[in-house]
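What follows is a short report on a single structure.
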Amino acid sequence: LLRPRGEMACRKDCAGSYERSTRFVVRNKVLVATVALTVAAAVDPAPGKRMYRDCSAYLLVLLFACLGLTLRLDELREALTAGWTHASIQAYSLIVTPLVFYVALYKPGLARLLVGNAWICRGLMATCCLPAPTNTHVMFTMQCGGDESVAAINAALGNIAGAVVSPVTAALTVTGSKGGGLARELRSSLVTVAAHILAPLLAGILVQVAAPSFVSKLRSALRALSTAVLVAFLYLIFCSAFASGSSVSAGALVRLCAAVTLLHLAIFVGAWAAAAGTDRRPEVRVAYVLTASEKTESLGVAIIASLFRNHDHQGALVLPIIVYHTVQMIVAATATPYLQAWLARHNALP
C-alpha cells in the first residue's frame, strides 16, 4: 500500500516541477530564447555573421514598425497632454539618470574600474540613456496595486520621446568623439536613427490612425512578431561578435552583473525619492518607481546597432542592456510583495 502512494507522491512532485518549469519558460521566453541563441552563436557564429551584414537594417525597420503598430494611441494622446507627473517620470528616466551616471561614474573612469572593460562600460552608459519598456513595468504596477494608467501612459510616451532623445544622449556620451568628429558622428548617427527607428515608428502610428480596427485585430500577432525579431536581432549581433573574436570573460560578466544590480538599485531608490516630491498619491508613487527605474531592451539594442554599425564589439556593447533587463525583472518581482504591503498600510491610514 505504501509503494503506490509513494509513487503517486513522486508523480505529483514531478508534475508540479514540470508545471513550474513550463510557467517559468513561458513567462521568461525572451530571456530563455536569448540564452539559447547566444550559446548557438558561440558554437557556430559564421551563418549569423553573414545574415547580420545583410539583414540587420531590415530587422531594425521591422522591429520599430511593429512598435508603431502596437502602441496604444489613446494612451499616447493622453500622455502628450499630460501634466507634471508624466513629465517628471520622463525627465528622471531620460535626462537625470544618464546625466548623474555620466558625471559621477562614467566621465571620471569609475564605471570602467567597476566593470573592467571599456566596451561594456560604454554599453552601460548607453543603457542609462534608455526609456522605460513597453509592458513589463505595467504588469508589475498592476500586480502591486499601483496606478497602471500612469505606467501605461509613460510606456507610450517614453518610447516616442526615447526614440528621439536616447540616440542623442547616447551619441554624446558613448562615442567618445570631440569637436568636429563628434558633430560628424552625431549627424551620421541621427540620420541612421531617423531611417531605421523614427521613420518606421511613425509609419506604424500613421497606419494605426488610418485603419485602427484592422490594426487592433493584429495587435497580438504583431507583438509576438516584435519579440521574435528582437531575439533574432540579438542572435545576429552575438554571431557577429563571436566571429570577430570579441568575447567577454566570466570574471567581466560577474563584475557586470554586480555593477548593474547596484546601479539599478540606486536608480530604483532615487526614483522612489523623486516620486515623493512629485505626487503624494501612493498608487502613483508605485507606478513612478517601477516606470522610471526600468529600461527598454529593444530600443537599446537598436541604438547600439545604429551608433556602432558593423562594429566588432557589439556583443560587449549590448550585454549591459540584456543584464539590466534581467536584473530589473528580478528586482521588480522581489519588490512586488513589499510594495503591496506598503500600499495596504498606507491605504489603511485614516
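Ordered as shown in the C-alpha cells, chains take letters A, B, and onward, while each chain numbers its residues from 1 and ligands are numbered from 1 in the order shown.
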### Task
Tell me which protein, DNA and RNA residues are within 9 Å of region 262-265 of chain A, counting only C-alpha atoms, leaving out same-chain ones fewer than 4 positions away, and put them as a list of chain:residue names.
A:Phe101, A:Cys257, A:Ala258, A:Val269, A:Gly270, A:Ser293, A:Glu294, A:Tyr324, A:Val327, A:Gln328, A:Val331
Take the residues from that selection and write them out as a JSON list (two decimals), in the first residue's frame, keeping C-alpha atoms.
```json
[["chain", "number", "residue", "atom", "x", "y", "z"],
["A", 101, "PHE", "CA", 25.81, 58.32, -14.22],
["A", 257, "CYS", "CA", 26.11, 41.68, -13.05],
["A", 258, "ALA", "CA", 27.20, 43.13, -9.71],
["A", 269, "VAL", "CA", 15.80, 54.26, -4.71],
["A", 270, "GLY", "CA", 16.31, 57.59, -6.48],
["A", 293, "SER", "CA", 13.77, 52.76, -12.95],
["A", 294, "GLU", "CA", 13.26, 50.27, -15.81],
["A", 324, "TYR", "CA", 19.93, 45.25, -16.88],
["A", 327, "VAL", "CA", 18.05, 42.43, -13.14],
["A", 328, "GLN", "CA", 15.10, 44.82, -13.33],
["A", 331, "VAL", "CA", 14.13, 43.37, -8.56]]
```
### Query
Can you tell me, as a count of residues only, what residues are no more than 12 Å from Cys55 (chain A) when counting only C-alpha atoms, ignoring any on the same chain fewer than 3 positions away?
17
### Message
Excluding Leu256 (chain A) and its own-chain neighbours fewer than 3 positions away, which residues fall within 9 Å of it when counting only C-alpha atoms? Please give them as an MDAnalysis selection string.
### Response
chainID A and resid 114:116 120:121 124 251:253 259:261 319:320 323
Selected residues written out with N, CA, C and O atoms, as a CSV table (one decimal), in the first residue's frame:
```csv
chain,number,residue,atom,x,y,z
A,114,LEU,N,34.8,49.6,-12.3
A,114,LEU,CA,33.8,48.6,-11.8
A,114,LEU,C,33.6,47.4,-12.7
A,114,LEU,O,33.6,46.3,-12.2
A,115,VAL,N,33.5,47.6,-14.0
A,115,VAL,CA,33.2,46.5,-14.9
A,115,VAL,C,34.5,45.9,-15.5
A,115,VAL,O,34.4,44.8,-16.0
A,116,GLY,N,35.5,46.7,-15.6
A,116,GLY,CA,36.8,46.2,-16.1
A,116,GLY,C,36.9,46.0,-17.6
A,116,GLY,O,37.8,45.4,-18.1
A,120,ILE,N,32.1,47.3,-22.5
A,120,ILE,CA,31.0,47.0,-21.6
A,120,ILE,C,30.6,48.3,-20.9
A,120,ILE,O,29.4,48.6,-20.7
A,121,CYS,N,31.6,49.1,-20.5
A,121,CYS,CA,31.3,50.4,-19.8
A,121,CYS,C,30.5,51.3,-20.8
A,121,CYS,O,29.6,52.0,-20.3
A,124,LEU,N,27.0,50.2,-20.8
A,124,LEU,CA,26.3,50.6,-19.6
A,124,LEU,C,25.9,52.1,-19.6
A,124,LEU,O,24.8,52.4,-19.2
A,251,GLY,N,34.9,36.5,-15.5
A,251,GLY,CA,35.1,37.5,-14.5
A,251,GLY,C,34.4,38.8,-14.8
A,251,GLY,O,33.8,39.5,-14.0
A,252,ALA,N,34.6,39.2,-16.1
A,252,ALA,CA,34.0,40.5,-16.5
A,252,ALA,C,32.4,40.4,-16.4
A,252,ALA,O,31.8,41.4,-16.1
A,253,LEU,N,31.9,39.3,-16.8
A,253,LEU,CA,30.4,39.1,-16.7
A,253,LEU,C,29.9,39.2,-15.2
A,253,LEU,O,28.9,39.8,-15.0
A,259,ALA,N,27.7,45.2,-10.9
A,259,ALA,CA,27.6,46.6,-11.2
A,259,ALA,C,26.2,47.0,-11.6
A,259,ALA,O,25.7,48.1,-11.1
A,260,VAL,N,25.6,46.2,-12.5
A,260,VAL,CA,24.2,46.5,-12.9
A,260,VAL,C,23.2,46.4,-11.8
A,260,VAL,O,22.3,47.3,-11.7
A,261,THR,N,23.4,45.5,-10.9
A,261,THR,CA,22.5,45.3,-9.8
A,261,THR,C,22.6,46.5,-8.9
A,261,THR,O,21.5,47.1,-8.5
A,319,LEU,N,25.5,43.7,-24.1
A,319,LEU,CA,25.4,42.9,-22.9
A,319,LEU,C,24.9,43.6,-21.7
A,319,LEU,O,24.0,43.0,-21.0
A,320,PRO,N,25.3,44.8,-21.4
A,320,PRO,CA,24.7,45.5,-20.2
A,320,PRO,C,23.2,45.7,-20.3
A,320,PRO,O,22.5,45.7,-19.3
A,323,VAL,N,21.6,42.4,-19.4
A,323,VAL,CA,21.8,42.1,-18.0
A,323,VAL,C,20.9,43.0,-17.2
A,323,VAL,O,20.2,42.6,-16.2
```
### Task
Excluding region 304-306 of chain A and residues on its chain fewer than 4 positions from it, collect all residues at most 10 Å away from it, counting only C-alpha atoms, and give them as an MDAnalysis selection string.
chainID A and resid 56:57 60 122:123 126:127 167 170:171 174 188:197 233 237 299:300 310:311 314:315 317:318 321
For those residues, write N, CA, C and O atoms to a file as a tab-separated table (two decimals), in the first residue's frame.
```tsv
chain	number	residue	atom	x	y	z
A	56	SER	N	20.48	43.20	-40.94
A	56	SER	CA	20.30	43.96	-39.71
A	56	SER	C	19.45	45.21	-39.90
A	56	SER	O	18.59	45.52	-39.07
A	57	ALA	N	19.68	45.94	-40.99
A	57	ALA	CA	18.90	47.17	-41.22
A	57	ALA	C	17.42	46.85	-41.40
A	57	ALA	O	16.55	47.56	-40.86
A	60	LEU	N	15.79	46.02	-38.02
A	60	LEU	CA	15.53	47.23	-37.24
A	60	LEU	C	14.25	47.92	-37.70
A	60	LEU	O	13.41	48.33	-36.89
A	122	ARG	N	30.86	51.37	-22.03
A	122	ARG	CA	30.10	52.18	-22.99
A	122	ARG	C	28.66	51.67	-23.13
A	122	ARG	O	27.72	52.46	-23.22
A	123	GLY	N	28.52	50.36	-23.15
A	123	GLY	CA	27.17	49.79	-23.22
A	123	GLY	C	26.35	50.14	-22.00
A	123	GLY	O	25.14	50.37	-22.09
A	126	ALA	N	25.14	53.68	-22.42
A	126	ALA	CA	24.00	53.70	-23.34
A	126	ALA	C	22.73	53.19	-22.67
A	126	ALA	O	21.63	53.71	-22.92
A	127	THR	N	22.86	52.20	-21.79
A	127	THR	CA	21.70	51.67	-21.07
A	127	THR	C	21.04	52.74	-20.22
A	127	THR	O	19.80	52.81	-20.15
A	167	PRO	N	18.95	58.34	-28.59
A	167	PRO	CA	20.10	58.29	-29.51
A	167	PRO	C	21.01	59.50	-29.39
A	167	PRO	O	22.24	59.38	-29.54
A	170	ALA	N	22.96	59.16	-26.03
A	170	ALA	CA	23.93	58.07	-26.17
A	170	ALA	C	25.08	58.45	-27.09
A	170	ALA	O	26.24	58.16	-26.80
A	171	ALA	N	24.77	59.13	-28.19
A	171	ALA	CA	25.83	59.56	-29.11
A	171	ALA	C	26.76	60.57	-28.45
A	171	ALA	O	27.98	60.52	-28.63
A	174	VAL	N	28.59	58.27	-25.40
A	174	VAL	CA	29.20	56.97	-25.62
A	174	VAL	C	30.30	56.99	-26.66
A	174	VAL	O	31.32	56.31	-26.53
A	188	SER	N	25.73	61.57	-38.46
A	188	SER	CA	25.61	60.24	-39.08
A	188	SER	C	24.69	59.33	-38.28
A	188	SER	O	23.85	58.62	-38.84
A	189	SER	N	24.84	59.37	-36.95
A	189	SER	CA	24.01	58.53	-36.10
A	189	SER	C	22.55	58.92	-36.19
A	189	SER	O	21.67	58.06	-36.27
A	190	LEU	N	22.28	60.22	-36.19
A	190	LEU	CA	20.89	60.68	-36.25
A	190	LEU	C	20.24	60.35	-37.59
A	190	LEU	O	19.05	60.06	-37.64
A	191	VAL	N	21.01	60.40	-38.67
A	191	VAL	CA	20.46	60.01	-39.97
A	191	VAL	C	20.08	58.52	-39.95
A	191	VAL	O	19.01	58.13	-40.42
A	192	THR	N	20.97	57.69	-39.39
A	192	THR	CA	20.68	56.26	-39.29
A	192	THR	C	19.47	56.01	-38.40
A	192	THR	O	18.60	55.19	-38.73
A	193	VAL	N	19.41	56.70	-37.26
A	193	VAL	CA	18.27	56.53	-36.34
A	193	VAL	C	16.98	56.97	-37.01
A	193	VAL	O	15.94	56.32	-36.88
A	194	ALA	N	17.03	58.08	-37.75
A	194	ALA	CA	15.83	58.56	-38.44
A	194	ALA	C	15.33	57.53	-39.46
A	194	ALA	O	14.13	57.29	-39.58
A	195	ALA	N	16.26	56.92	-40.18
A	195	ALA	CA	15.87	55.95	-41.21
A	195	ALA	C	15.42	54.62	-40.63
A	195	ALA	O	14.46	54.02	-41.13
A	196	HIS	N	16.09	54.15	-39.58
A	196	HIS	CA	15.83	52.80	-39.07
A	196	HIS	C	14.88	52.74	-37.88
A	196	HIS	O	14.33	51.68	-37.59
A	197	ILE	N	14.71	53.87	-37.17
A	197	ILE	CA	13.90	53.87	-35.96
A	197	ILE	C	12.69	54.80	-36.08
A	197	ILE	O	11.54	54.37	-36.00
A	233	PHE	N	17.49	39.44	-33.77
A	233	PHE	CA	18.48	40.51	-33.91
A	233	PHE	C	19.61	40.33	-32.90
A	233	PHE	O	20.79	40.52	-33.23
A	237	ILE	N	23.63	39.78	-33.66
A	237	ILE	CA	24.67	40.63	-33.06
A	237	ILE	C	25.74	39.78	-32.38
A	237	ILE	O	26.95	40.01	-32.53
A	299	LEU	N	14.75	49.11	-27.77
A	299	LEU	CA	15.30	50.38	-28.23
A	299	LEU	C	16.80	50.45	-27.96
A	299	LEU	O	17.57	51.01	-28.74
A	300	GLY	N	17.24	49.87	-26.84
A	300	GLY	CA	18.67	49.87	-26.52
A	300	GLY	C	19.49	49.12	-27.55
A	300	GLY	O	20.54	49.59	-28.00
A	310	ASN	N	28.14	47.50	-37.63
A	310	ASN	CA	29.22	46.62	-38.11
A	310	ASN	C	30.48	46.70	-37.25
A	310	ASN	O	31.59	46.51	-37.74
A	311	HIS	N	30.31	47.01	-35.97
A	311	HIS	CA	31.46	47.12	-35.07
A	311	HIS	C	31.76	45.76	-34.44
A	311	HIS	O	30.86	45.00	-34.12
A	314	GLN	N	30.10	44.83	-30.73
A	314	GLN	CA	28.67	45.00	-30.48
A	314	GLN	C	28.16	44.04	-29.40
A	314	GLN	O	27.26	44.38	-28.64
A	315	GLY	N	28.72	42.85	-29.33
A	315	GLY	CA	28.29	41.89	-28.30
A	315	GLY	C	28.53	42.44	-26.91
A	315	GLY	O	27.65	42.36	-26.03
A	317	LEU	N	28.81	45.58	-26.17
A	317	LEU	CA	28.03	46.80	-26.01
A	317	LEU	C	26.57	46.52	-25.62
A	317	LEU	O	25.98	47.26	-24.84
A	318	VAL	N	25.98	45.46	-26.17
A	318	VAL	CA	24.57	45.16	-25.86
A	318	VAL	C	24.43	44.33	-24.59
A	318	VAL	O	23.34	44.24	-24.03
A	321	ILE	N	22.72	45.93	-21.55
A	321	ILE	CA	21.28	46.12	-21.73
A	321	ILE	C	20.54	44.83	-21.38
A	321	ILE	O	19.49	44.85	-20.70
```
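Here CA of Ser298 (chain A) and CA of Leu202 (chain A) stand 16.4 Å from one another.
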### Message
If we count only C-alpha atoms and set the cut-off at 6 Å, which residues sit around region 32-41 of chain A, ignoring sequence neighbours fewer than 6 positions away in its own chain? Please answer as a ChimeraX atom specification.
### Response
/A:231,235,239
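The spacing separating CA of Ala332 (chain A) from CA of Gly146 (chain A) amounts to 12.8 Å.
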Spatial neighbours of Val215 (chain A), max dist 12 Å, only C-alpha atoms, sep filter under 6 positions, as a PDB file with C-alpha atoms, in the first residue's frame:
```
ATOM      1  CA  CYS A  66       5.770  46.672 -35.160  1.00  0.00           C
ATOM      2  CA  LEU A  67       6.243  49.003 -32.192  1.00  0.00           C
ATOM      3  CA  GLY A  68       4.459  51.825 -34.012  1.00  0.00           C
ATOM      4  CA  LEU A  69       1.608  49.482 -34.893  1.00  0.00           C
ATOM      5  CA  THR A  70       1.187  48.203 -31.321  1.00  0.00           C
ATOM      6  CA  LEU A  71       1.435  51.470 -29.341  1.00  0.00           C
ATOM      7  CA  ARG A  72      -1.855  52.422 -27.677  1.00  0.00           C
ATOM      8  CA  LEU A  73      -2.870  55.672 -29.385  1.00  0.00           C
ATOM      9  CA  GLY A 204       3.285  52.349 -37.879  1.00  0.00           C
ATOM     10  CA  ILE A 205       1.476  55.052 -35.894  1.00  0.00           C
ATOM     11  CA  LEU A 206       0.067  56.577 -39.103  1.00  0.00           C
ATOM     12  CA  VAL A 207      -1.210  53.172 -40.230  1.00  0.00           C
ATOM     13  CA  GLN A 208      -2.949  52.844 -36.843  1.00  0.00           C
ATOM     14  CA  VAL A 209      -4.589  56.232 -37.321  1.00  0.00           C
ATOM     15  CA  ALA A 221       0.365  38.827 -33.636  1.00  0.00           C
ATOM     16  CA  LEU A 222       2.429  41.989 -34.123  1.00  0.00           C
ATOM     17  CA  ARG A 223       3.667  41.868 -30.532  1.00  0.00           C
TER      18      ARG A 223
END
```
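CA of His325 (chain A) lies 6.8 Å from CA of Lys295 (chain A).
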### Message
I'd like to know which of A:Val301, A:Ile89, A:Leu230, A:Leu63 is closest to Ala275 (chain A), using only C-alpha atoms.
### Response
A:Ile89
